[in-house]
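Q: What follows is final-v9.cif; its format and atoms are mmCIF, C-alpha atoms, pLDDT in the B column; chains and numbers go by the auth columns.
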```
data_my_file
loop_
_atom_site.group_PDB
_atom_site.id
_atom_site.type_symbol
_atom_site.label_atom_id
_atom_site.label_comp_id
_atom_site.label_asym_id
_atom_site.label_seq_id
_atom_site.Cartn_x
_atom_site.Cartn_y
_atom_site.Cartn_z
_atom_site.B_iso_or_equiv
_atom_site.auth_seq_id
_atom_site.auth_asym_id
ATOM 1 C CA MET A 1 -22.910 21.868 -8.479 79.00 1 Q
ATOM 2 C CA ARG A 2 -23.731 18.171 -8.020 88.00 2 Q
ATOM 3 C CA LEU A 3 -21.492 17.327 -10.969 87.00 3 Q
ATOM 4 C CA LEU A 4 -18.632 19.265 -9.401 86.00 4 Q
ATOM 5 C CA LEU A 5 -18.923 17.478 -6.060 92.00 5 Q
ATOM 6 C CA ILE A 6 -19.131 14.008 -7.608 94.00 6 Q
ATOM 7 C CA SER A 7 -16.245 14.867 -9.938 91.00 7 Q
ATOM 8 C CA ILE A 8 -14.107 15.921 -6.985 92.00 8 Q
ATOM 9 C CA VAL A 9 -14.638 12.529 -5.317 95.00 9 Q
ATOM 10 C CA GLN A 10 -13.924 10.739 -8.599 96.00 10 Q
ATOM 11 C CA SER A 11 -10.768 12.794 -9.156 94.00 11 Q
ATOM 12 C CA ILE A 12 -9.527 12.112 -5.630 96.00 12 Q
ATOM 13 C CA LEU A 13 -9.977 8.388 -6.267 96.00 13 Q
ATOM 14 C CA LEU A 14 -8.111 8.655 -9.596 95.00 14 Q
ATOM 15 C CA CYS A 15 -5.263 10.566 -7.987 95.00 15 Q
ATOM 16 C CA SER A 16 -5.116 8.135 -5.075 96.00 16 Q
ATOM 17 C CA GLY A 17 -4.859 5.273 -7.552 96.00 17 Q
ATOM 18 C CA GLN A 18 -1.936 6.986 -9.272 95.00 18 Q
ATOM 19 C CA VAL A 19 -0.166 7.676 -5.975 96.00 19 Q
ATOM 20 C CA LEU A 20 -0.612 4.069 -4.850 96.00 20 Q
ATOM 21 C CA LEU A 21 0.613 2.846 -8.245 93.00 21 Q
ATOM 22 C CA LYS A 22 3.776 4.943 -7.944 93.00 22 Q
ATOM 23 C CA LEU A 23 4.345 3.681 -4.392 93.00 23 Q
ATOM 24 C CA ALA A 24 3.844 0.090 -5.574 91.00 24 Q
ATOM 25 C CA LEU A 25 6.303 0.544 -8.438 86.00 25 Q
ATOM 26 C CA GLN A 26 8.890 2.095 -6.122 87.00 26 Q
ATOM 27 C CA ARG A 27 8.754 -1.027 -3.954 84.00 27 Q
ATOM 28 C CA MET A 28 8.647 -3.432 -6.873 82.00 28 Q
ATOM 29 C CA GLY A 29 12.366 -4.045 -7.297 79.00 29 Q
ATOM 30 C CA PRO A 30 14.049 -4.989 -10.567 84.00 30 Q
ATOM 31 C CA PHE A 31 11.786 -6.647 -13.115 83.00 31 Q
ATOM 32 C CA SER A 32 12.185 -10.341 -13.864 84.00 32 Q
ATOM 33 C CA TRP A 33 10.060 -13.157 -15.274 86.00 33 Q
ATOM 34 C CA THR A 34 10.421 -15.327 -12.181 86.00 34 Q
ATOM 35 C CA LEU A 35 7.674 -16.836 -10.052 87.00 35 Q
ATOM 36 C CA ASP A 36 9.134 -15.119 -7.001 83.00 36 Q
ATOM 37 C CA PHE A 37 8.866 -11.699 -8.658 83.00 37 Q
ATOM 38 C CA ILE A 38 5.307 -12.327 -9.859 81.00 38 Q
ATOM 39 C CA GLY A 39 4.175 -13.725 -6.503 82.00 39 Q
ATOM 40 C CA ARG A 40 5.753 -10.862 -4.589 80.00 40 Q
ATOM 41 C CA ASN A 41 3.918 -8.323 -6.718 80.00 41 Q
ATOM 42 C CA LEU A 42 0.590 -10.138 -6.642 80.00 42 Q
ATOM 43 C CA THR A 43 0.650 -9.711 -2.871 82.00 43 Q
ATOM 44 C CA ASN A 44 1.747 -6.070 -3.001 84.00 44 Q
ATOM 45 C CA TRP A 45 -0.861 -4.153 -0.955 89.00 45 Q
ATOM 46 C CA TRP A 46 -0.055 -0.923 -2.785 91.00 46 Q
ATOM 47 C CA PHE A 47 -1.186 -2.541 -6.057 89.00 47 Q
ATOM 48 C CA LEU A 48 -4.364 -3.777 -4.369 91.00 48 Q
ATOM 49 C CA GLY A 49 -5.155 -0.289 -3.080 94.00 49 Q
ATOM 50 C CA CYS A 50 -4.482 1.109 -6.529 94.00 50 Q
ATOM 51 C CA GLY A 51 -6.944 -1.327 -8.079 93.00 51 Q
ATOM 52 C CA ILE A 52 -9.627 -0.535 -5.511 96.00 52 Q
ATOM 53 C CA CYS A 53 -9.261 3.213 -6.108 97.00 53 Q
ATOM 54 C CA TYR A 54 -9.410 2.751 -9.881 96.00 54 Q
ATOM 55 C CA GLY A 55 -12.448 0.469 -9.581 97.00 55 Q
ATOM 56 C CA CYS A 56 -14.360 2.976 -7.458 97.00 56 Q
ATOM 57 C CA ALA A 57 -13.315 5.869 -9.704 96.00 57 Q
ATOM 58 C CA THR A 58 -14.513 3.933 -12.748 96.00 58 Q
ATOM 59 C CA ALA A 59 -17.887 3.213 -11.135 97.00 59 Q
ATOM 60 C CA LEU A 60 -18.313 6.906 -10.366 96.00 60 Q
ATOM 61 C CA TRP A 61 -17.223 7.828 -13.890 95.00 61 Q
ATOM 62 C CA LEU A 62 -19.895 5.526 -15.323 96.00 62 Q
ATOM 63 C CA TYR A 63 -22.489 7.299 -13.194 96.00 63 Q
ATOM 64 C CA ILE A 64 -21.178 10.730 -14.209 95.00 64 Q
ATOM 65 C CA ILE A 65 -21.246 10.144 -17.963 94.00 65 Q
ATOM 66 C CA LYS A 66 -24.649 8.462 -17.785 95.00 66 Q
ATOM 67 C CA THR A 67 -26.209 11.287 -15.752 94.00 67 Q
ATOM 68 C CA PHE A 68 -24.581 14.476 -17.056 93.00 68 Q
ATOM 69 C CA PRO A 69 -23.879 15.889 -20.528 91.00 69 Q
ATOM 70 C CA PHE A 70 -20.533 14.616 -21.793 91.00 70 Q
ATOM 71 C CA SER A 71 -19.411 18.139 -22.691 86.00 71 Q
ATOM 72 C CA MET A 72 -19.700 19.043 -19.002 85.00 72 Q
ATOM 73 C CA ALA A 73 -18.532 15.740 -17.519 88.00 73 Q
ATOM 74 C CA TYR A 74 -15.345 15.097 -19.472 86.00 74 Q
ATOM 75 C CA PRO A 75 -13.511 18.338 -18.574 84.00 75 Q
ATOM 76 C CA MET A 76 -14.081 17.539 -14.897 84.00 76 Q
ATOM 77 C CA VAL A 77 -11.468 14.774 -15.196 84.00 77 Q
ATOM 78 C CA SER A 78 -8.906 17.577 -15.190 83.00 78 Q
ATOM 79 C CA LEU A 79 -9.617 18.107 -11.497 84.00 79 Q
ATOM 80 C CA SER A 80 -7.323 15.152 -10.894 88.00 80 Q
ATOM 81 C CA TYR A 81 -4.407 17.364 -11.999 86.00 81 Q
ATOM 82 C CA ILE A 82 -5.040 19.592 -9.003 87.00 82 Q
ATOM 83 C CA PHE A 83 -5.039 16.692 -6.573 93.00 83 Q
ATOM 84 C CA GLY A 84 -1.940 15.333 -8.303 92.00 84 Q
ATOM 85 C CA MET A 85 -0.087 18.553 -7.536 92.00 85 Q
ATOM 86 C CA PHE A 86 -0.982 18.299 -3.853 93.00 86 Q
ATOM 87 C CA ALA A 87 0.011 14.619 -3.813 95.00 87 Q
ATOM 88 C CA ALA A 88 3.374 15.494 -5.371 94.00 88 Q
ATOM 89 C CA ILE A 89 4.020 17.891 -2.498 95.00 89 Q
ATOM 90 C CA LEU A 90 2.516 15.943 0.402 95.00 90 Q
ATOM 91 C CA VAL A 91 3.422 12.360 -0.513 95.00 91 Q
ATOM 92 C CA PHE A 92 6.507 12.639 -2.713 95.00 92 Q
ATOM 93 C CA HIS A 93 7.944 15.877 -1.235 95.00 93 Q
ATOM 94 C CA GLU A 94 8.417 17.526 -4.627 94.00 94 Q
ATOM 95 C CA GLN A 95 8.931 21.232 -5.178 94.00 95 Q
ATOM 96 C CA VAL A 96 6.206 22.760 -7.369 91.00 96 Q
ATOM 97 C CA PRO A 97 7.140 26.029 -9.124 94.00 97 Q
ATOM 98 C CA LEU A 98 4.792 29.016 -9.199 93.00 98 Q
ATOM 99 C CA ILE A 99 4.058 28.635 -12.921 94.00 99 Q
ATOM 100 C CA ARG A 100 2.499 25.201 -12.291 91.00 100 Q
ATOM 101 C CA TRP A 101 0.307 26.688 -9.571 90.00 101 Q
ATOM 102 C CA ALA A 102 -0.865 29.276 -12.098 93.00 102 Q
ATOM 103 C CA GLY A 103 -1.832 26.414 -14.382 89.00 103 Q
ATOM 104 C CA VAL A 104 -3.721 24.722 -11.550 87.00 104 Q
ATOM 105 C CA LEU A 105 -5.676 27.927 -10.883 89.00 105 Q
ATOM 106 C CA LEU A 106 -6.649 28.103 -14.552 90.00 106 Q
ATOM 107 C CA ILE A 107 -7.814 24.476 -14.466 84.00 107 Q
ATOM 108 C CA MET A 108 -9.912 25.158 -11.351 81.00 108 Q
ATOM 109 C CA ALA A 109 -11.491 28.242 -12.933 86.00 109 Q
ATOM 110 C CA GLY A 110 -12.287 26.277 -16.080 83.00 110 Q
ATOM 111 C CA CYS A 111 -13.978 23.472 -14.135 77.00 111 Q
ATOM 112 C CA VAL A 112 -16.131 25.929 -12.197 77.00 112 Q
ATOM 113 C CA LEU A 113 -17.188 27.652 -15.437 81.00 113 Q
ATOM 114 C CA ILE A 114 -18.020 24.349 -17.121 76.00 114 Q
ATOM 115 C CA ALA A 115 -20.058 23.121 -14.152 69.00 115 Q
ATOM 116 C CA LYS A 116 -22.315 26.221 -14.200 71.00 116 Q
#
```
Show me this structure written as structure tokens.

A:
Amino acid sequence: MRLLLISIVQSILLCSGQVLLKLALQRMGPFSWTLDFIGRNLTNWWFLGCGICYGCATALWLYIIKTFPFSMAYPMVSLSYIFGMFAAILVFHEQVPLIRWAGVLLIMAGCVLIAK
């Protein structure tokens, strides 16, 4: 159960990093090799948030794979798919068809079985 709880936090951080990355890229503007473009994106707070989320998720991942058997730990990464579906709805206002929700339920069931 401890693995499941830590994996949930790690997956939320991974998903948050992806959401922030998408938000940063949406605000990026057209790509160019100019100093203005590079400077504008180095001060993009969405990119900074993305990096912080990824850094924290990586630190947790290091703890997870050091502490738990890899065969149990690695499938827990798939929890981020579940949080990604909720982010798609809540942040990006996407429509998610029923068949994808069925897939999410199967992923959740698999993670619970692996964690036992």

Q: Please expand the PyMOL selection byres ((chain Q and resi 24) around 9) into the concrete residues it hits in this file, giving the result as a list in words.

A: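 Residues picked by the PyMOL selection byres ((chain Q and resi 24) around 9): Val19, Leu20, Leu21, Lys22, Leu23, Leu25, Gln26, Arg27, Met28, Asn41, Asn44, Trp45, Trp46, Phe47 and Cys50 of chain Q.
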
Q: Starting from the displayed file, determine the output of the PyMOL selection byres ((chain Q and resi 97-103) around 12) and express the residue list as a ChimeraX atom specification.

A: /Q:78-79,81-86,88-89,94-96,104-110

Q: Would you mind exporting the chosen residues as a PDB file, in the frame of the given file, restricted to C-alpha atoms?

A:
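The file below, result-v5.pdb, is the result:
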```pdb
ATOM      1  CA  SER Q  78      -8.906  17.577 -15.190  1.00 83.00           C
ATOM      2  CA  LEU Q  79      -9.617  18.107 -11.497  1.00 84.00           C
ATOM      3  CA  TYR Q  81      -4.407  17.364 -11.999  1.00 86.00           C
ATOM      4  CA  ILE Q  82      -5.040  19.592  -9.003  1.00 87.00           C
ATOM      5  CA  PHE Q  83      -5.039  16.692  -6.573  1.00 93.00           C
ATOM      6  CA  GLY Q  84      -1.940  15.333  -8.303  1.00 92.00           C
ATOM      7  CA  MET Q  85      -0.087  18.553  -7.536  1.00 92.00           C
ATOM      8  CA  PHE Q  86      -0.982  18.299  -3.853  1.00 93.00           C
ATOM      9  CA  ALA Q  88       3.374  15.494  -5.371  1.00 94.00           C
ATOM     10  CA  ILE Q  89       4.020  17.891  -2.498  1.00 95.00           C
ATOM     11  CA  GLU Q  94       8.417  17.526  -4.627  1.00 94.00           C
ATOM     12  CA  GLN Q  95       8.931  21.232  -5.178  1.00 94.00           C
ATOM     13  CA  VAL Q  96       6.206  22.760  -7.369  1.00 91.00           C
ATOM     14  CA  VAL Q 104      -3.721  24.722 -11.550  1.00 87.00           C
ATOM     15  CA  LEU Q 105      -5.676  27.927 -10.883  1.00 89.00           C
ATOM     16  CA  LEU Q 106      -6.649  28.103 -14.552  1.00 90.00           C
ATOM     17  CA  ILE Q 107      -7.814  24.476 -14.466  1.00 84.00           C
ATOM     18  CA  MET Q 108      -9.912  25.158 -11.351  1.00 81.00           C
ATOM     19  CA  ALA Q 109     -11.491  28.242 -12.933  1.00 86.00           C
ATOM     20  CA  GLY Q 110     -12.287  26.277 -16.080  1.00 83.00           C
TER      21      GLY Q 110
END
```

Q: For segment 51-53 of chain Q, list every protein, DNA or RNA residue within 7 Å, evaluated using only C-alpha atoms, and leave out those in the same chain fewer than 6 positions away; present the list as a list of chain:residue names.

A: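 What passes the distance filter is Q:Leu13, Q:Leu14, Q:Ser16, Q:Gly17.
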
Q: State, in Å with one decimal place, the distance from atom CA of Trp61 of chain Q to atom CA of Ala73 of chain Q.

A: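 Atom-to-atom, atom CA of Trp61 of chain Q and atom CA of Ala73 of chain Q are spaced 8.8 Å apart.
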
Q: Of the candidates Q:Ser71, Q:Gln18, Q:Thr43, Q:Ser32, which shows the shortest atom-to-atom distance to Ala87 of chain Q, using only C-alpha atoms?

A: Q:Gln18

Q: Starting from the displayed file, determine the output of the PyMOL selection byres ((chain Q and resi 10) around 10) and express the residue list as a PyMOL selection string.

A: chain Q and resi 4-9+11-16+53-54+56-61+64+76-77+79-80

Q: Distance atom CA of Pro75 of chain Q-atom CA of Phe92 of chain Q, one decimal place?

A: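 For atom CA of Pro75 of chain Q relative to atom CA of Phe92 of chain Q, the distance reads 26.2 Å.
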
Q: One decimal, Å: what's the distance from atom CA of Cys111 of chain Q over to atom CA of Gly55 of chain Q, could you say?

A: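 Distance between the two atoms: 23.5 Å.
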
Q: Mind working out the centre and edge lengths of an axis-aligned box for segment 58-71 of chain Q, all listed atoms inside, 4 Å added to each side, rounded to one decimal in Å and written as AutoDock Vina command-line options?

A:
```
--center_x -20.4 --center_y 10.7 --center_z -16.5 --size_x 19.7 --size_y 22.9 --size_z 20.3
```

Q: Give me segment 71-89 of chain Q with N, CA and C atoms filled in, as a tab-separated table (two decimals), keeping the file's coordinate frame.

A:
```tsv
chain	number	residue	atom	x	y	z
Q	71	SER	N	-20.19	16.91	-22.53
Q	71	SER	CA	-19.41	18.14	-22.69
Q	71	SER	C	-19.14	18.82	-21.35
Q	72	MET	N	-19.96	18.52	-20.35
Q	72	MET	CA	-19.70	19.04	-19.00
Q	72	MET	C	-18.88	18.06	-18.18
Q	73	ALA	N	-19.16	16.77	-18.36
Q	73	ALA	CA	-18.53	15.74	-17.52
Q	73	ALA	C	-17.05	15.55	-17.84
Q	74	TYR	N	-16.72	15.46	-19.12
Q	74	TYR	CA	-15.34	15.10	-19.47
Q	74	TYR	C	-14.30	16.10	-18.98
Q	75	PRO	N	-14.53	17.40	-19.10
Q	75	PRO	CA	-13.51	18.34	-18.57
Q	75	PRO	C	-13.29	18.23	-17.07
Q	76	MET	N	-14.24	17.67	-16.35
Q	76	MET	CA	-14.08	17.54	-14.90
Q	76	MET	C	-12.97	16.56	-14.52
Q	77	VAL	N	-12.58	15.70	-15.45
Q	77	VAL	CA	-11.47	14.77	-15.20
Q	77	VAL	C	-10.20	15.57	-14.88
Q	78	SER	N	-10.11	16.77	-15.42
Q	78	SER	CA	-8.91	17.58	-15.19
Q	78	SER	C	-8.74	18.00	-13.74
Q	79	LEU	N	-9.78	17.83	-12.93
Q	79	LEU	CA	-9.62	18.11	-11.50
Q	79	LEU	C	-8.55	17.22	-10.87
Q	80	SER	N	-8.33	16.05	-11.45
Q	80	SER	CA	-7.32	15.15	-10.89
Q	80	SER	C	-5.92	15.76	-10.99
Q	81	TYR	N	-5.71	16.69	-11.92
Q	81	TYR	CA	-4.41	17.36	-12.00
Q	81	TYR	C	-4.14	18.16	-10.73
Q	82	ILE	N	-5.18	18.78	-10.21
Q	82	ILE	CA	-5.04	19.59	-9.00
Q	82	ILE	C	-4.64	18.70	-7.83
Q	83	PHE	N	-5.36	17.60	-7.68
Q	83	PHE	CA	-5.04	16.69	-6.57
Q	83	PHE	C	-3.67	16.05	-6.77
Q	84	GLY	N	-3.27	15.86	-8.01
Q	84	GLY	CA	-1.94	15.33	-8.30
Q	84	GLY	C	-0.84	16.27	-7.84
Q	85	MET	N	-1.08	17.57	-7.99
Q	85	MET	CA	-0.09	18.55	-7.54
Q	85	MET	C	0.07	18.49	-6.01
Q	86	PHE	N	-1.06	18.39	-5.31
Q	86	PHE	CA	-0.98	18.30	-3.85
Q	86	PHE	C	-0.33	16.99	-3.42
Q	87	ALA	N	-0.62	15.91	-4.13
Q	87	ALA	CA	0.01	14.62	-3.81
Q	87	ALA	C	1.52	14.68	-4.04
Q	88	ALA	N	1.94	15.36	-5.10
Q	88	ALA	CA	3.37	15.49	-5.37
Q	88	ALA	C	4.08	16.17	-4.20
Q	89	ILE	N	3.42	17.16	-3.62
Q	89	ILE	CA	4.02	17.89	-2.50
Q	89	ILE	C	3.94	17.08	-1.21
```
